[in-house]
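The next block is data-v2.cif, given as mmCIF, C-alpha atoms.
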data_start
#
loop_
_atom_site.label_atom_id
_atom_site.label_comp_id
_atom_site.auth_asym_id
_atom_site.auth_seq_id
_atom_site.Cartn_x
_atom_site.Cartn_y
_atom_site.Cartn_z
CA MET A 1 9.08 50.75 5.23
CA LYS A 2 10.53 49.51 1.94
CA LEU A 3 8.41 47.24 -0.19
CA SER A 4 11.01 44.43 -0.04
CA VAL A 5 11.01 44.52 3.79
CA LEU A 6 7.20 44.50 3.87
CA ILE A 7 7.06 41.51 1.52
CA SER A 8 9.65 39.70 3.65
CA VAL A 9 7.61 40.29 6.82
CA ILE A 10 4.42 39.07 5.13
CA MET A 11 6.16 35.94 3.82
CA THR A 12 7.63 35.16 7.27
CA LEU A 13 4.25 35.55 8.96
CA SER A 14 2.63 33.34 6.31
CA VAL A 15 5.17 30.58 6.95
CA ILE A 16 4.61 30.83 10.71
CA VAL A 17 0.81 30.70 10.32
CA LEU A 18 1.03 27.71 7.95
CA GLY A 19 3.39 25.98 10.36
CA ILE A 20 0.84 26.36 13.14
CA ALA A 21 -2.07 25.26 10.95
CA PHE A 22 -0.23 22.24 9.54
CA PRO A 23 2.41 20.94 11.96
CA LYS A 24 5.19 18.89 10.39
CA GLY A 25 4.37 15.28 9.71
CA THR A 26 0.63 15.85 9.70
CA THR A 27 -1.97 14.94 7.13
CA SER A 28 -4.89 17.12 6.12
CA LYS A 29 -7.65 17.30 3.54
CA ALA A 30 -7.46 20.23 1.14
CA SER A 31 -10.58 22.08 0.00
CA ASP A 32 -10.47 20.14 -3.28
CA GLY A 33 -10.61 16.85 -1.34
CA ALA A 34 -6.95 15.96 -1.89
CA THR A 35 -5.00 14.55 1.04
CA LYS A 36 -1.86 16.49 1.89
CA HIS A 37 1.09 15.54 4.07
CA VAL A 38 3.58 17.97 5.60
CA ILE A 39 6.99 16.28 5.77
CA LYS A 40 8.55 16.07 9.21
CA GLN A 41 12.26 15.90 9.99
CA GLY A 42 13.68 12.44 9.32
CA GLU A 43 10.86 11.25 7.05
CA SER A 44 11.70 9.84 3.64
CA ILE A 45 9.54 9.58 0.52
CA TRP A 46 9.50 5.82 1.21
CA ASP A 47 8.22 6.37 4.78
CA ILE A 48 5.40 8.60 3.52
CA ALA A 49 4.41 6.16 0.74
CA LYS A 50 4.17 3.32 3.32
CA GLN A 51 2.29 5.46 5.82
CA HIS A 52 -0.40 6.38 3.30
CA GLY A 53 -0.40 3.18 1.23
CA VAL A 54 0.41 4.78 -2.13
CA PRO A 55 2.87 3.54 -4.76
CA ILE A 56 6.15 5.37 -4.30
CA GLY A 57 6.38 5.98 -8.06
CA LYS A 58 2.94 7.62 -8.12
CA LEU A 59 3.74 9.73 -5.04
CA LYS A 60 6.91 11.00 -6.72
CA GLU A 61 5.15 11.60 -10.03
CA VAL A 62 2.27 13.62 -8.55
CA ASN A 63 4.72 15.77 -6.56
CA HIS A 64 7.27 16.11 -9.38
CA ASN A 65 9.92 14.54 -7.17
CA VAL A 66 12.76 13.20 -9.29
CA ASN A 67 15.51 13.02 -6.67
CA ASN A 68 13.82 11.18 -3.74
CA VAL A 69 14.45 14.12 -1.40
CA ALA A 70 11.90 14.69 1.36
CA GLU A 71 12.35 18.29 2.44
CA PRO A 72 11.08 18.90 6.00
CA GLY A 73 8.18 21.36 6.06
CA LYS A 74 7.27 20.77 2.42
CA THR A 75 3.70 19.71 1.65
CA LEU A 76 3.13 16.63 -0.52
CA ILE A 77 -0.09 15.75 -2.31
CA ILE A 78 -1.06 12.14 -1.48
CA PRO A 79 -2.65 10.53 -4.54
CA HIS A 80 -5.75 8.39 -4.02
CA VAL A 81 -5.17 4.79 -5.12
CA MET A 82 -7.50 2.61 -3.05
CA ASN A 83 -10.51 3.42 -0.90
CA ASP A 84 -10.57 2.59 2.82
CA LYS A 85 -13.19 -0.14 2.39
CA ASP A 86 -11.01 -2.05 -0.10
CA LYS A 87 -7.92 -1.57 2.09
CA GLU A 88 -9.80 -2.99 5.06
CA LEU A 89 -11.02 -5.99 3.07
CA LEU A 90 -7.51 -6.67 1.78
CA ALA A 91 -6.11 -6.37 5.31
CA ARG A 92 -8.68 -8.89 6.57
CA LEU A 93 -7.61 -11.32 3.83
CA VAL A 94 -3.93 -10.82 4.72
CA HIS A 95 -4.71 -11.36 8.40
CA ALA A 96 -6.63 -14.56 7.71
CA GLU A 97 -4.22 -15.99 5.11
CA ALA A 98 -0.91 -15.03 6.73
CA LYS A 99 -1.57 -15.04 10.47
CA GLY A 100 1.58 -16.40 12.11
CA GLU A 101 3.66 -15.81 8.97
CA PRO A 102 6.59 -13.35 8.87
CA TYR A 103 5.68 -9.72 8.20
CA ARG A 104 7.40 -9.89 4.78
CA GLY A 105 5.05 -12.76 3.90
CA LYS A 106 2.03 -10.64 4.80
CA VAL A 107 3.26 -7.94 2.42
CA GLU A 108 3.67 -10.53 -0.34
CA VAL A 109 0.14 -11.90 0.20
CA ALA A 110 -1.26 -8.38 -0.27
CA GLY A 111 0.99 -8.03 -3.31
CA VAL A 112 -0.57 -11.10 -4.93
CA VAL A 113 -3.99 -9.43 -4.83
CA LEU A 114 -2.55 -6.21 -6.28
CA ASN A 115 -0.82 -8.19 -9.04
CA ARG A 116 -4.11 -9.90 -9.85
CA LEU A 117 -5.75 -6.49 -10.24
CA ASP A 118 -3.17 -5.71 -12.93
CA SER A 119 -3.63 -9.06 -14.68
CA LYS A 120 -6.16 -9.70 -17.47
CA GLU A 121 -6.64 -13.20 -16.03
CA PHE A 122 -8.42 -11.89 -12.91
CA PRO A 123 -11.25 -9.47 -12.04
CA ASP A 124 -10.77 -5.69 -11.88
CA THR A 125 -11.72 -4.82 -8.29
CA VAL A 126 -10.30 -5.81 -4.90
CA ARG A 127 -13.63 -7.25 -3.82
CA GLU A 128 -14.05 -9.33 -7.00
CA VAL A 129 -10.49 -10.65 -6.81
CA ILE A 130 -10.87 -11.68 -3.17
CA TYR A 131 -14.35 -13.19 -3.58
CA GLN A 132 -13.60 -14.96 -6.87
CA LYS A 133 -14.78 -18.55 -6.47
CA ASN A 134 -12.32 -21.02 -4.91
CA GLN A 135 -9.39 -18.59 -4.74
CA PHE A 136 -8.88 -17.83 -1.04
CA SER A 137 -9.80 -20.26 1.72
CA PRO A 138 -10.70 -17.54 4.30
CA VAL A 139 -13.65 -16.61 2.08
CA GLY A 140 -14.94 -20.18 2.25
CA ASP A 141 -14.39 -20.70 5.97
CA GLY A 142 -15.58 -17.21 7.01
CA SER A 143 -12.30 -16.09 8.62
CA ILE A 144 -12.21 -13.19 6.12
CA ASN A 145 -14.85 -11.57 8.34
CA LYS A 146 -12.55 -11.30 11.37
CA PRO A 147 -10.93 -7.91 12.07
CA ALA A 148 -7.45 -7.34 10.65
CA GLY A 149 -4.50 -6.87 12.99
CA ASN A 150 -2.15 -3.90 12.80
CA ASP A 151 0.54 -5.93 11.02
CA ALA A 152 -1.90 -6.85 8.26
CA LYS A 153 -2.93 -3.20 7.83
CA ARG A 154 0.69 -2.07 7.68
CA ALA A 155 1.46 -4.86 5.22
CA VAL A 156 -1.30 -3.65 2.88
CA ASN A 157 0.08 -0.11 2.94
CA GLU A 158 3.60 -1.37 2.31
CA ALA A 159 2.44 -3.62 -0.55
CA LEU A 160 0.74 -0.61 -2.14
CA ALA A 161 3.89 1.50 -1.66
CA ILE A 162 6.17 -1.01 -3.40
CA HIS A 163 3.67 -2.15 -6.02
CA GLY A 164 5.37 -2.17 -9.38
CA TYR A 165 8.83 -2.64 -7.84
CA THR A 166 8.46 -6.22 -6.63
CA ASN A 167 7.83 -9.64 -8.12
CA ASP A 168 4.78 -10.54 -10.18
CA ALA A 169 3.46 -13.44 -8.08
CA LEU A 170 -0.18 -14.24 -8.82
CA TYR A 171 -0.50 -17.26 -6.51
CA PHE A 172 0.57 -18.40 -3.08
CA TRP A 173 -0.03 -21.50 -1.01
CA ASN A 174 1.28 -23.40 1.93
CA PRO A 175 2.49 -26.83 0.71
CA SER A 176 2.10 -28.30 4.19
CA ILE A 177 -1.63 -27.55 4.01
CA SER A 178 -2.49 -27.64 0.30
CA ASP A 179 -2.10 -30.83 -1.73
CA SER A 180 -3.20 -29.24 -5.02
CA GLU A 181 -1.40 -30.87 -7.93
CA TRP A 182 -2.21 -27.85 -10.08
CA MET A 183 -0.40 -25.52 -7.65
CA LYS A 184 2.66 -27.75 -7.67
CA GLN A 185 3.03 -27.16 -11.41
CA LEU A 186 3.38 -23.39 -11.00
CA GLU A 187 6.78 -21.67 -11.13
CA VAL A 188 7.77 -20.75 -7.57
CA ILE A 189 9.62 -17.43 -7.48
CA LYS A 190 9.83 -16.88 -3.73
CA ILE A 191 9.38 -18.76 -0.45
CA ILE A 192 8.64 -16.80 2.71
CA GLY A 193 7.81 -18.65 5.90
CA GLY A 194 5.33 -21.39 5.06
CA HIS A 195 4.15 -19.81 1.81
CA HIS A 196 5.30 -20.44 -1.73
CA PHE A 197 4.71 -17.53 -4.14
CA ALA A 198 4.39 -18.32 -7.83
CA ILE A 199 3.56 -17.04 -11.28
#
What does the file become when written as C-alpha cells?
Amino acid sequence: MKLSVLISVIMTLSVIVLGIAFPKGTTSKASDGATKHVIKQGESIWDIAKQHGVPIGKLKEVNHNVNNVAEPGKTLIIPHVMNDKDKELLARLVHAEAKGEPYRGKVEVAGVVLNRLDSKEFPDTVREVIYQKNQFSPVGDGSINKPAGNDAKRAVNEALAIHGYTNDALYFWNPSISDSEWMKQLEVIKIIGGHHFAI
C-alpha cells in the first residue's frame, strides 16, 4: 500500500472517530479546561456567541475568524468571559427588573450592568455592581433572590454576545414608577417597553 493511500485512510478514520466523539453542534471541555464547540449545519458565529454568552468579537478573535464563516464540523474554542455564578446573579436581576418587559428590554437591562463593569464610575465585579447601594430596587425588596426565567438567562447571554456593539447606557428606569428628579436629567438614548435607557 502506498504511503499516500495509508495516510489518507488514517486521516479518514480520524475524522470519523472525532465525528463520533464530538457530534456536530456539541460542546465539550478540553483537557486544558477550555470549552469547545463543534459547529453544526446552519449555525452562525452569532448563534454560537449567543448560545455560550461570549462577545462575538472575542469569539472571532480567539478562533482567528475574520470572515464570519461558521464551517460545519469545525471546532471553535469558546473563551471564558463570565463565571456561571455571575451569569446567574445577572439573570436574576434581569428577571426581577424587566419581568413583563419585551425581550429586547431584558437584553438592554443586562447590557447596563455590563457597561457599568467597563466604566470607571462603577465597581469592577458583577456582584459589586448589582449590590452597590441604592442602584437596583430588586436588591432592596429581595426579589433579586427569586430564580431567573429562561428569557432572562437568554437575555444575559445575548447581552454578553453583543457587548461592545451596542449603546453605552449606564442607567435605566421606568418613569411610571420612578419619580427621581436626578434620573430625569439624564440623556435618554433608548426607550424599550416601559424602560428609559440613559447615559
(message) Quick check on the file I pasted: which residues fall under the PyMOL selection byres ((chain A and resi 95-99) around 10)? Write them as a PyMOL selection string.
(response) chain A and resi 89-94+100-110+136-139+142-153+155+172-174+193-195
(request) May I ask which of the residues A:Ser44, A:Asn157, A:Gln185, A:Thr166 is the closest one to Val69 (chain A), counting all atoms listed in the file? (result) A:Ser44
(request) Skip region 46-62 of chain A itself and residues of its chain fewer than 3 positions away, then list as a PyMOL selection string all residues within 10 Å of it, counting all atoms listed in the file. (result) chain A and resi 25+27+35+37-40+42-43+65-70+76-82+87+153-165
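Taking CA of Phe122 (chain A) and CA of Gln135 (chain A) as the two end points, the separation is 10.6 Å.
A straight line drawn from CA of Asp179 (chain A) to CA of Gly111 (chain A) is 23.1 Å long.
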